[in-house]
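What follows is entry-v4.txt (compact mmCIF, C-alpha atoms).
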```txt
# COMPACT_ATOMS: atom_id res chain seq x y z
CA MET A 21 75.57 145.83 131.66
CA PRO A 22 78.75 145.46 129.58
CA SER A 23 78.68 143.13 126.62
CA LYS A 24 80.69 139.94 126.96
CA ILE A 25 81.18 136.62 125.25
CA HIS A 26 79.13 133.76 126.70
CA TRP A 27 80.71 130.63 125.26
CA LYS A 28 78.58 127.97 126.90
CA GLY A 29 80.38 125.17 125.08
CA ARG A 30 83.86 126.14 126.29
CA ASN A 31 84.33 123.19 128.64
CA ASP A 32 82.93 120.75 126.10
CA PHE A 33 85.29 122.11 123.46
CA PHE A 34 88.43 121.65 125.55
CA LEU A 35 87.33 118.23 126.78
CA ALA A 36 86.80 117.21 123.16
CA GLN A 37 90.35 118.33 122.30
CA VAL A 38 91.76 116.14 125.06
CA GLN A 39 89.84 113.18 123.67
CA ILE A 40 91.02 113.94 120.15
CA ALA A 41 94.61 113.96 121.42
CA VAL A 42 94.08 110.46 122.81
CA ILE A 43 92.59 109.30 119.49
CA LEU A 44 95.56 110.74 117.62
CA GLY A 45 97.88 108.89 119.98
CA VAL A 46 96.10 105.59 119.31
CA ALA A 47 96.23 106.26 115.55
CA TYR A 48 99.98 106.94 115.79
CA TRP A 49 100.47 103.73 117.74
CA GLY A 50 98.44 101.76 115.22
CA ASN A 51 100.13 103.31 112.22
CA ASN A 52 103.55 102.35 113.57
CA TRP A 53 102.60 98.89 114.75
CA PRO A 54 105.89 96.95 114.92
CA GLN A 55 104.67 93.71 113.31
CA SER A 56 103.07 93.97 109.89
CA TYR A 57 103.38 92.82 106.30
CA PRO A 58 102.89 94.52 102.91
CA ARG A 59 99.24 94.96 101.95
CA ASN A 60 99.95 93.64 98.45
CA ASP A 61 100.53 90.25 100.08
CA ASN A 62 96.96 90.31 101.35
CA HIS A 63 95.30 90.11 97.94
CA ASP A 64 92.36 87.74 98.54
CA PRO A 65 89.27 88.02 96.27
CA ARG A 66 87.58 85.13 98.05
CA MET A 67 87.67 86.87 101.44
CA TYR A 68 86.53 90.12 99.85
CA TRP A 69 83.35 88.44 98.66
CA VAL A 70 82.92 86.55 101.93
CA MET A 71 83.00 89.84 103.84
CA THR A 72 80.68 91.43 101.30
CA GLY A 73 78.28 88.53 101.82
CA ALA A 74 78.54 88.95 105.60
CA MET A 75 77.64 92.62 105.20
CA PHE A 76 74.65 91.66 103.05
CA VAL A 77 73.39 89.18 105.66
CA ALA A 78 73.82 91.76 108.44
CA ALA A 79 71.94 94.30 106.34
CA LEU A 80 68.99 91.98 105.80
CA ALA A 81 68.92 90.90 109.45
CA SER A 82 68.81 94.51 110.64
CA MET A 83 66.14 95.80 108.28
CA GLN A 84 63.53 97.88 110.05
CA ARG A 85 60.61 100.12 109.21
CA ASP A 86 60.98 103.82 109.81
CA GLU A 87 59.20 104.84 113.00
CA LYS A 88 57.57 107.91 111.52
CA LYS A 89 55.25 106.82 108.75
CA SER A 90 53.14 109.23 106.73
CA SER A 91 51.14 109.23 103.56
CA ARG A 92 53.83 111.35 101.94
CA VAL A 93 56.51 109.48 99.99
CA VAL A 94 60.06 110.55 100.88
CA LEU A 95 62.77 109.36 98.51
CA LEU A 96 66.32 108.97 99.80
CA SER A 97 65.46 109.62 103.45
CA ARG A 98 68.12 110.36 106.04
CA ALA A 99 68.19 106.73 107.21
CA GLN A 100 68.37 105.40 103.66
CA THR A 101 71.19 107.81 102.83
CA GLU A 102 73.20 106.59 105.80
CA GLU A 103 72.52 103.00 104.77
CA TRP A 104 73.76 103.76 101.25
CA LYS A 105 76.92 105.36 102.59
CA GLY A 106 77.38 102.44 104.95
CA TRP A 107 77.51 99.64 102.39
CA MET A 108 79.60 101.67 99.98
CA GLN A 109 82.09 102.41 102.76
CA TRP A 110 82.20 98.75 103.73
CA ALA A 111 83.02 97.79 100.15
CA PHE A 112 85.59 100.60 99.94
CA ILE A 113 87.47 99.52 103.08
CA MET A 114 87.44 95.83 102.15
CA TYR A 115 88.65 96.80 98.68
CA HIS A 116 91.68 98.36 100.32
CA TYR A 117 92.22 95.61 102.86
CA TYR A 118 92.06 92.69 100.42
CA ARG A 119 93.55 94.54 97.43
CA MET A 120 90.52 93.74 95.27
CA TYR A 121 91.81 95.24 92.03
CA SER A 122 88.96 93.89 89.91
CA VAL A 123 86.30 96.17 91.49
CA TYR A 124 88.27 99.38 90.91
CA ASN A 125 85.64 100.86 88.59
CA GLU A 126 82.82 100.12 91.01
CA ILE A 127 84.76 101.78 93.82
CA ARG A 128 85.20 104.84 91.63
CA VAL A 129 81.42 105.00 91.28
CA PHE A 130 81.03 104.78 95.07
CA VAL A 131 83.47 107.65 95.64
CA SER A 132 81.64 109.73 93.04
CA ALA A 133 78.34 108.92 94.74
CA TYR A 134 79.73 110.40 97.98
CA VAL A 135 80.74 113.60 96.19
CA TRP A 136 77.38 113.62 94.36
CA MET A 137 75.68 113.61 97.77
CA THR A 138 77.67 116.70 98.75
CA GLY A 139 76.27 118.66 95.82
CA PHE A 140 72.82 117.12 96.15
CA GLY A 141 72.31 117.49 99.90
CA ASN A 142 73.81 120.95 100.17
CA PHE A 143 71.71 122.19 97.26
CA LEU A 144 68.57 121.07 99.09
CA TYR A 145 69.78 122.79 102.25
CA PHE A 146 70.73 126.13 100.68
CA ASP A 147 67.74 126.17 98.36
CA LYS A 148 65.42 125.90 101.35
CA LYS A 149 67.28 127.65 104.18
CA HIS A 150 69.12 130.40 102.23
CA ASP A 151 71.77 130.23 104.95
CA PHE A 152 74.96 131.62 103.42
CA SER A 153 76.39 132.74 106.75
CA ILE A 154 79.98 132.61 107.96
CA GLU A 155 78.80 130.31 110.74
CA ARG A 156 77.56 127.83 108.16
CA MET A 157 80.86 127.90 106.29
CA VAL A 158 82.90 127.50 109.46
CA SER A 159 80.65 124.71 110.71
CA MET A 160 80.92 122.60 107.58
CA TRP A 161 84.62 123.30 107.08
CA LEU A 162 85.28 122.06 110.60
CA ARG A 163 83.11 118.97 110.20
CA ILE A 164 84.85 117.90 107.00
CA ASN A 165 88.43 119.02 107.64
CA TYR A 166 89.20 119.37 111.34
CA PHE A 167 89.96 115.77 112.29
CA PRO A 168 91.61 114.80 108.95
CA LEU A 169 93.94 117.82 109.14
CA LEU A 170 94.93 117.02 112.72
CA LEU A 171 95.54 113.40 111.75
CA SER A 172 97.57 114.42 108.71
CA THR A 173 99.68 116.84 110.74
CA PHE A 174 100.25 114.56 113.73
CA LEU A 175 101.16 111.52 111.62
CA ARG A 176 103.08 113.61 109.07
CA VAL A 177 100.99 112.29 106.22
CA ASP A 178 100.26 114.25 103.05
CA ILE A 179 96.61 115.32 103.04
CA SER A 180 96.30 113.90 99.53
CA LEU A 181 96.15 110.45 101.15
CA TYR A 182 92.69 111.55 102.29
CA TYR A 183 91.80 112.93 98.86
CA VAL A 184 88.05 112.54 99.41
CA VAL A 185 88.24 115.23 102.12
CA PRO A 186 89.29 118.09 99.78
CA LEU A 187 86.82 116.74 97.20
CA HIS A 188 83.97 117.18 99.69
CA THR A 189 85.27 120.56 100.84
CA VAL A 190 85.44 121.98 97.32
CA GLY A 191 82.08 120.38 96.52
CA PHE A 192 80.51 122.13 99.49
CA PHE A 193 81.82 125.59 98.57
CA VAL A 194 80.98 125.13 94.87
CA THR A 195 77.43 124.22 95.84
CA MET A 196 77.18 127.14 98.22
CA ALA A 197 78.42 129.58 95.56
CA THR A 198 76.02 128.18 92.96
CA CYS A 199 73.05 128.49 95.31
CA TYR A 200 74.13 132.00 96.35
CA ILE A 201 74.10 133.10 92.72
CA ALA A 202 70.65 131.56 92.25
CA HIS A 203 69.39 133.25 95.42
CA ASN A 204 70.55 136.69 94.24
CA LEU A 205 69.20 136.19 90.73
CA GLN A 206 65.78 135.45 92.20
CA ASN A 207 65.68 138.00 95.01
CA LYS A 208 67.66 140.88 93.52
CA ALA A 209 67.28 140.47 89.77
CA GLY A 210 63.66 139.37 90.01
CA LEU A 211 64.02 136.13 88.03
CA GLY A 212 61.73 133.19 88.59
CA TYR A 213 62.72 130.01 90.41
CA TRP A 214 63.64 127.90 87.40
CA SER A 215 65.30 130.76 85.52
CA SER A 216 67.48 131.72 88.47
CA ARG A 217 68.48 128.13 89.21
CA GLY A 218 69.07 127.30 85.57
CA ILE A 219 71.35 130.29 85.03
CA ALA A 220 73.27 129.62 88.25
CA VAL A 221 73.79 125.97 87.32
CA ALA A 222 74.92 127.01 83.81
CA ILE A 223 77.42 129.48 85.28
CA SER A 224 78.71 126.74 87.58
CA LEU A 225 79.09 124.34 84.66
CA LEU A 226 80.97 126.97 82.65
CA ALA A 227 83.33 127.56 85.56
CA HIS A 228 83.92 123.80 85.85
CA ALA A 229 84.62 123.47 82.14
CA LEU A 230 86.98 126.47 82.04
CA PHE A 231 89.00 124.96 84.84
CA TYR A 232 88.90 121.22 84.20
CA GLU A 233 88.84 121.19 80.41
CA THR A 234 91.75 123.60 79.97
CA SER A 235 95.36 123.79 81.13
CA ALA A 236 94.11 125.61 84.24
CA VAL A 237 93.57 122.20 85.81
CA ASP A 238 97.36 121.85 86.09
CA PHE A 239 97.13 124.32 88.97
CA LEU A 240 96.26 121.27 91.08
CA LEU A 241 99.78 119.96 90.54
CA ASN A 242 100.86 122.59 93.06
CA PHE A 243 99.25 120.36 95.68
CA SER A 244 100.21 116.92 94.39
CA GLU A 245 99.85 114.61 91.41
CA GLU A 246 97.37 112.58 93.45
CA VAL A 247 95.08 115.60 93.90
CA HIS A 248 95.48 116.44 90.21
CA VAL A 249 94.29 112.98 89.20
CA ARG A 250 91.54 112.54 91.80
CA PHE A 251 89.90 115.91 91.17
CA GLN A 252 89.72 115.22 87.45
CA ILE A 253 88.07 111.85 88.04
CA ASP A 254 85.34 113.59 90.06
CA LYS A 255 85.36 116.95 88.33
CA TYR A 256 81.60 117.03 87.69
CA SER A 257 80.31 114.83 90.52
CA ALA A 258 79.22 117.64 92.84
CA TRP A 259 77.79 119.62 89.92
CA VAL A 260 75.69 116.64 88.83
CA GLY A 261 74.52 116.40 92.44
CA ILE A 262 73.41 120.05 92.30
CA VAL A 263 71.41 119.41 89.13
CA SER A 264 69.91 116.30 90.70
CA GLY A 265 68.85 118.29 93.75
CA MET A 266 67.23 120.90 91.54
CA LEU A 267 65.21 118.22 89.73
CA TRP A 268 64.56 115.99 92.76
CA ALA A 269 61.03 117.23 93.43
CA LYS A 270 60.08 116.45 89.82
CA PHE A 271 61.61 112.98 90.07
CA THR A 272 59.73 112.37 93.32
CA GLU A 273 56.46 113.26 91.62
CA CYS A 274 57.14 110.84 88.78
CA SER A 275 58.57 108.00 90.86
CA SER A 276 56.79 104.67 90.89
CA ALA A 277 56.89 104.91 94.70
CA GLN A 278 53.92 107.25 94.34
CA SER A 279 51.95 104.44 92.74
CA GLU A 280 50.39 101.36 94.31
CA SER A 281 50.75 99.41 91.07
CA PRO A 282 53.29 96.54 91.26
CA ALA A 283 53.72 96.88 87.50
CA ALA A 284 54.91 100.48 87.93
CA HIS A 285 57.31 99.41 90.66
CA TRP A 286 58.86 96.68 88.54
CA LEU A 287 59.04 98.92 85.49
CA GLN A 288 61.15 101.42 87.43
CA ARG A 289 63.32 98.61 88.81
CA PHE A 290 63.97 97.26 85.33
CA ALA A 291 64.75 100.77 84.10
CA GLY A 292 67.23 101.23 86.95
CA ALA A 293 68.83 97.86 86.28
CA PHE A 294 69.10 98.78 82.62
CA LEU A 295 71.05 101.95 83.48
CA ILE A 296 73.47 99.93 85.60
CA TRP A 297 73.84 97.39 82.78
CA VAL A 298 74.53 100.17 80.25
CA TRP A 299 77.32 101.46 82.48
CA TRP A 300 78.81 98.01 82.94
CA TYR A 301 78.48 96.87 79.34
CA GLY A 302 79.80 100.14 77.94
CA PHE A 303 82.44 101.11 80.49
CA GLY A 304 82.46 99.25 83.80
CA TYR A 305 83.95 96.07 82.39
CA MET A 306 87.18 97.87 81.43
CA SER A 307 90.13 96.35 83.29
CA ASP A 308 92.56 99.17 82.50
CA LYS A 309 91.87 101.91 85.03
CA TYR A 310 93.89 104.42 83.02
CA ALA A 311 91.50 103.89 80.12
CA TYR A 312 88.43 104.07 82.36
CA ASN A 313 89.34 107.12 84.49
CA PRO A 314 88.94 109.76 81.73
CA ILE A 315 85.48 108.39 80.88
CA HIS A 316 84.25 108.07 84.44
CA PRO A 317 83.20 111.72 85.11
CA TYR A 318 80.67 111.53 82.28
CA VAL A 319 79.15 108.11 82.99
CA PHE A 320 79.20 107.57 86.79
CA ILE A 321 75.66 108.96 87.06
CA LEU A 322 74.28 105.93 85.18
CA PRO A 323 74.77 103.38 87.99
CA VAL A 324 74.01 106.01 90.66
CA ALA A 325 70.67 106.86 89.04
CA GLY A 326 70.00 103.18 88.45
CA TRP A 327 70.53 102.34 92.11
CA LEU A 328 68.31 105.20 93.28
CA MET A 329 65.54 104.07 90.95
CA ILE A 330 65.69 100.51 92.27
CA ARG A 331 66.04 101.43 95.95
CA ASN A 332 63.13 103.89 95.81
CA SER A 333 60.81 101.98 93.50
CA SER A 334 57.99 101.51 96.04
CA LYS A 335 56.71 103.30 99.14
CA PHE A 336 57.59 100.24 101.24
CA LEU A 337 61.22 100.35 100.10
CA THR A 338 61.46 104.06 100.95
CA GLU A 339 60.34 103.32 104.51
CA ILE A 340 62.78 100.54 105.40
CA HIS A 341 66.50 100.59 106.04
CA SER A 342 69.29 98.57 107.63
CA SER A 343 70.18 99.85 111.10
CA VAL A 344 73.62 98.20 110.91
CA LEU A 345 74.51 99.97 107.69
CA GLU A 346 72.93 103.19 108.95
CA PHE A 347 75.30 103.09 111.95
CA PHE A 348 78.26 102.43 109.69
CA GLY A 349 77.17 105.20 107.34
CA ARG A 350 77.18 107.77 110.14
CA ILE A 351 80.91 107.35 110.73
CA THR A 352 82.13 107.27 107.13
CA LEU A 353 84.43 110.29 107.40
CA GLU A 354 86.19 108.86 110.43
CA THR A 355 86.40 105.31 109.08
CA TYR A 356 87.73 106.70 105.82
CA VAL A 357 90.73 108.46 107.38
CA LEU A 358 91.41 106.02 110.22
CA GLN A 359 91.40 102.91 108.02
CA PHE A 360 94.87 103.91 106.77
CA HIS A 361 96.38 103.89 110.26
CA VAL A 362 94.35 101.57 112.50
CA PHE A 363 92.62 98.91 110.40
CA MET A 364 95.70 98.92 108.19
CA CYS A 365 98.98 100.61 109.06
CA ARG A 366 102.02 102.49 107.76
CA ASP A 367 99.80 104.83 105.78
CA VAL A 368 97.71 101.95 104.36
CA GLN A 369 100.71 100.13 102.92
CA HIS A 370 100.80 97.33 105.50
CA ILE A 371 98.50 94.95 107.40
CA PRO A 372 99.12 94.89 111.18
CA ILE A 373 99.78 91.55 112.86
CA VAL A 374 98.16 91.66 116.29
CA ILE A 375 97.50 87.93 116.72
CA PRO A 376 100.66 85.80 116.44
CA GLY A 377 100.59 83.58 113.38
CA SER A 378 98.26 85.86 111.37
CA GLY A 379 100.90 86.94 108.87
CA PRO A 380 100.69 86.46 105.11
CA ASP A 381 101.40 82.72 105.43
CA GLY A 382 99.17 82.23 108.47
CA SER A 383 95.99 80.19 108.58
CA LEU A 384 92.74 81.69 107.31
CA VAL A 385 91.21 81.42 110.79
CA LEU A 386 93.98 83.42 112.43
CA LYS A 387 94.09 86.02 109.67
CA THR A 388 90.33 86.49 109.87
CA ALA A 389 90.46 86.76 113.67
CA ASN A 390 93.24 89.34 113.34
CA MET A 391 91.17 91.34 110.85
CA LEU A 392 88.10 91.25 113.10
CA LEU A 393 90.08 92.32 116.17
CA CYS A 394 91.62 95.26 114.32
CA GLY A 395 88.19 96.05 112.89
CA VAL A 396 86.51 96.27 116.31
CA VAL A 397 89.14 98.70 117.58
CA PHE A 398 88.99 100.63 114.30
CA VAL A 399 85.19 101.09 114.31
CA ALA A 400 85.08 101.97 118.01
CA LEU A 401 87.79 104.60 117.51
CA ALA A 402 85.98 106.01 114.47
CA TYR A 403 82.73 106.30 116.44
CA TRP A 404 84.53 108.12 119.24
CA ALA A 405 86.29 110.41 116.77
CA ARG A 406 82.99 111.34 115.16
CA LYS A 407 81.41 112.18 118.50
CA VAL A 408 84.20 114.52 119.63
CA THR A 409 84.52 116.07 116.16
CA VAL A 410 80.82 116.97 116.16
CA THR A 411 81.25 118.47 119.65
CA THR A 412 84.19 120.52 118.35
CA GLN A 413 82.19 121.63 115.34
CA MET A 414 79.19 122.76 117.37
CA THR A 415 81.11 124.52 120.15
CA ALA A 416 83.52 126.28 117.77
CA THR A 417 80.63 127.41 115.58
CA GLU A 418 78.86 128.73 118.67
CA LEU A 419 81.97 130.75 119.54
CA VAL A 420 82.21 132.15 116.01
CA LYS A 421 78.56 133.20 116.19
CA GLU A 422 79.14 134.92 119.52
CA LEU A 423 82.19 136.76 118.18
CA LEU A 424 80.36 137.90 115.06
CA ASN A 425 77.46 139.13 117.17
CA GLY A 426 79.81 141.04 119.45
CA GLY A 427 78.84 139.01 122.50
CA THR A 428 75.62 139.11 124.50
CA HIS A 429 74.57 140.91 127.65
CA GLU A 430 75.47 139.15 130.85
CA HIS A 431 72.88 136.56 131.92
CA ALA A 432 70.88 137.10 128.74
CA ASP A 433 70.91 133.39 127.95
CA ASP A 434 70.65 131.98 131.47
CA GLU A 435 67.24 130.44 130.89
CA LYS A 436 68.10 128.83 127.57
CA GLU A 437 68.62 125.08 127.30
CA PRO A 438 72.18 124.10 128.29
CA PHE A 439 74.47 123.47 125.34
CA VAL A 440 75.64 120.12 126.72
CA LYS A 441 72.09 118.78 126.63
CA VAL A 442 71.58 119.89 123.05
CA GLU A 443 74.88 118.34 121.97
CA ALA A 444 74.06 115.09 123.73
CA GLN A 445 70.75 114.89 121.93
CA GLN A 446 72.48 115.60 118.66
CA SER A 447 75.06 112.86 119.21
CA ASN A 448 72.38 110.35 120.11
CA GLY A 449 70.48 111.06 116.93
CA LYS A 450 67.38 112.31 118.77
CA THR A 451 67.45 115.63 116.98
CA VAL A 452 68.79 116.80 113.64
CA ASP A 453 72.47 115.94 113.28
CA VAL A 454 74.59 118.80 111.96
CA GLU A 455 76.31 116.37 109.60
CA ALA A 456 72.92 115.61 108.07
CA GLU A 457 72.97 119.04 106.49
CA THR A 458 75.51 117.83 103.95
CA LYS A 459 73.35 115.04 102.64
CA PRO A 460 69.76 114.33 101.62
CA ALA A 461 67.20 113.37 104.16
CA ALA A 462 63.52 113.45 104.95
CA LYS A 463 61.54 116.54 105.95
CA GLU A 464 63.72 119.20 107.57
CA GLN A 465 66.87 117.12 107.30
CA VAL A 466 68.89 117.57 104.14
```
In structure tokens, what does this structure look like?
Amino acid sequence: MPSKIHWKGRNDFFLAQVQIAVILGVAYWGNNWPQSYPRNDNHDPRMYWVMTGAMFVAALASMQRDEKKSSRVVLLSRAQTEEWKGWMQWAFIMYHYYRMYSVYNEIRVFVSAYVWMTGFGNFLYFDKKHDFSIERMVSMWLRINYFPLLLSTFLRVDISLYYVVPLHTVGFFVTMATCYIAHNLQNKAGLGYWSSRGIAVAISLLAHALFYETSAVDFLLNFSEEVHVRFQIDKYSAWVGIVSGMLWAKFTECSSAQSESPAAHWLQRFAGAFLIWVWWYGFGYMSDKYAYNPIHPYVFILPVAGWLMIRNSSKFLTEIHSSVLEFFGRITLETYVLQFHVFMCRDVQHIPIVIPGSGPDGSLVLKTANMLLCGVVFVALAYWARKVTVTTQMTATELVKELLNGGTHEHADDEKEPFVKVEAQQSNGKTVDVEAETKPAAKEQV
């Protein structure tokens, strides 16, 4: 029988594109909402902390124990990672909405933590799977870039507005290259595990230094000044994540979560709190962001490590998570790019007025109701965008795999499980989510 391409996900792919077109239309409508006011007029520290408190209450109320319990201690599980992303994203969006200038340094740490996860999670994936295929590259490029690029093009917005997207993309490929070097050093040069990883990480650090610590970094000006600044603030974040991934097994062995002693748990918590205090006392207190930014790449790991030590200080803490924040953490890419056009508008420069009387001089009740109404639409749209983006990612990657394999014989896959069923399970979280492969998680999920 002649060889032919069997793209089982064809219909799902095209249906997803129709849905994405609708989402883009809603984003355009929201971004050009006729009634709005400048975001600078919405500076409100009190409401920022009220919303932060509301998030904290929701987190506590939705705490639950992981269904799958085992005697093995798993630090930074998939659910905990999503929870972490969720509360950081909440703080990030409210920082933008209420113009909370005073937490700028903390927000910088949160952004760096996201990029750290890219290096960390992808190192764990590549170190275990050794999957350096074109399909893998296409899959992750699509997941990170597809929707943001469409949004940028359709709304005629410079991609640098979504600067975290290129940060994650570069972080992914840097991690992949580093792990590929380590893989070849071990399997072709015959070096041991630690020697091969150590040399690869050193080569990666040298490459970072030669680019970021020399005039070569000005190459980024060809994209924009924003990209030039943002990449320098997070120039080592992914690399530190790679190193952390390499040492994670050792940290897990030494963690107080392995112990049943309350004293050990509290000792690790105090140590973590001390690291956060060192960051704040030495650097975090600085009110001038232009003075803090050059220091940030070298010190952001202090509060990140401190938080991880506190959050994973006992086996019980490693097994619980907030389902509300986990949900919010699963849609961080979509909430990140859509916040500029739906929750806020005119490329994040304005606050939309949907409810009459909720302008800058309106009552607190009306302004809060307006924010909540926009927020519901915003989160629902982000959830939908994530679902169709994952469908696009999976079906397009399937097509690439078929093309690279030269097609399959007719009817060869007739008895295999239908793609639609697999994708539905993936979207419902019943099986491993492809996005999970960019971040740390328990067992097979990284």
Best match for closeness to Leu401 in chain A among A:Val319, A:Gly218, A:Val38, A:Ala47, counting all atoms listed in the file: A:Ala47
Distance in Å - CA of Arg59 in chain A versus CA of Tyr117 in chain A: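 Pair CA of Arg59 in chain A / CA of Tyr117 in chain A returns 7.1 Å.
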Residue contacts of Leu328 in chain A (9 Å, only C-alpha atoms) excluding same-chain residues fewer than 6 positions away, as an MDAnalysis selection string: chainID A and resid 95:96 292
Between CA of Phe360 in chain A and CA of Val129 in chain A - distance in Å to one decimal: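 Answer for the CA of Val129 in chain A to CA of Phe360 in chain A separation: 20.5 Å.
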Long-range neighbours of range 222-233 of chain A as a list in words, 10 Å cut-off, all atoms listed in the file, 6 positions minimum in chain: Val194, Thr195, Ala197, Thr198, Cys199, Ile201, Ala202, Ser216, Phe239, Phe251, Gln252, Lys255, Tyr256, Trp259, Val260, Ile262 and Val263 of chain A
Nearest candidate to Arg366 in chain A (options A:His203, A:Arg119, A:Arg163, A:Arg176; using all atoms listed in the file):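 Selected residue with least distance to Arg366 in chain A: A:Arg176.
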Nearest candidate to Ala284 in chain A (options A:Asn332, A:Thr101, A:Ser153, A:Asn204; using only C-alpha atoms):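 Answer, going by the shortest atom-to-atom distance: A:Asn332.
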Closest of A:Ser264, A:Thr338, A:Ser122, A:Ser281 to Trp69 in chain A - atom-to-atom distances counting all atoms listed in the file: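 Looking at the shortest contact to Trp69 in chain A, the residue is A:Ser122.
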Point-to-point distance from CA of Gln100 in chain A to CA of Ala291 in chain A, Å rounded to tenths: 20.4 Å
Best match for closeness to Ile315 in chain A among A:Ile351, A:Ser97, A:Phe303, A:Ile164, counting only C-alpha atoms: A:Phe303
Test item: residues at most 12 Å from His248 in chain A, all atoms listed in the file, excluding those fewer than 2 positions along its chain, as a list in words: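 So the residues in contact are Ser180, Tyr183, Pro186, Leu187, Phe231, Tyr232, Ser235, Ala236, Val237, Asp238, Phe239, Leu240, Leu241, Asn242, Phe243, Ser244, Glu245, Glu246, Arg250, Phe251, Gln252, Ile253, Asp254 and Lys255 of chain A.
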Ref. answer, residues at most 12 Å from (100.3, 115.0, 114.2) with only C-alpha atoms, as a list in words: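 Those residues, ordered by chain and then number, are Ile40, Ala41, Val42, Ile43, Leu44, Gly45, Val46, Ala47, Tyr48, Trp49, Asn51, Phe167, Pro168, Leu169, Leu170, Leu171, Ser172, Thr173, Phe174, Leu175, Arg176, Val177, Asp178 and Ile179 of chain A.
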Give me a file of those residues, with C-alpha atoms, as a compact mmCIF listing (two decimals), in the frame of the given file.
```
# COMPACT_ATOMS: atom_id res chain seq x y z
CA ILE A 40 91.02 113.94 120.15
CA ALA A 41 94.61 113.96 121.42
CA VAL A 42 94.08 110.46 122.81
CA ILE A 43 92.59 109.30 119.49
CA LEU A 44 95.56 110.74 117.62
CA GLY A 45 97.88 108.89 119.98
CA VAL A 46 96.10 105.59 119.31
CA ALA A 47 96.23 106.26 115.55
CA TYR A 48 99.98 106.94 115.79
CA TRP A 49 100.47 103.73 117.74
CA ASN A 51 100.13 103.31 112.22
CA PHE A 167 89.96 115.77 112.29
CA PRO A 168 91.61 114.80 108.95
CA LEU A 169 93.94 117.82 109.14
CA LEU A 170 94.93 117.02 112.72
CA LEU A 171 95.54 113.40 111.75
CA SER A 172 97.57 114.42 108.71
CA THR A 173 99.68 116.84 110.74
CA PHE A 174 100.25 114.56 113.73
CA LEU A 175 101.16 111.52 111.62
CA ARG A 176 103.08 113.61 109.07
CA VAL A 177 100.99 112.29 106.22
CA ASP A 178 100.26 114.25 103.05
CA ILE A 179 96.61 115.32 103.04
```
Pick from A:Thr388, A:Thr412, A:Ser82, A:Ser132, whichever lies nearest to Ala258 in chain A using all atoms listed in the file: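 Among the listed residues, A:Ser132 lies closest to Ala258 in chain A.
Using all atoms listed in the file, the contacts of Ser342 in chain A at a cut-off of 9 Å, with sequence neighbours closer than 6 positions omitted, comprise Ala78, Ala79, Leu80, Ala81, Ser82, Met83, Gln84, Arg85, Ala99, Gln100 and Glu103 of chain A.
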Quick one: what's the axis-aligned box for range 270-281 of chain A, all listed atoms, 4 Å on every side, centre and edges in Å to one decimal, as JSON?
```
{"center_x": 56.0, "center_y": 107.9, "center_z": 91.7, "size_x": 19.2, "size_y": 25.0, "size_z": 13.9}
```
Residues within 12 Å of (87.1, 98.6, 113.5), file coords, all atoms listed in the file, listed as a PyMOL selection string: chain A and resi 50+110+113-114+348+351-352+354-356+358-364+390-404
Selection: 9 Å around Pro323 in chain A, all atoms listed in the file, excl. self and same-chain fewer than 5 positions, as number ranges by chain: A: 129, 292-293, 295-300, 328
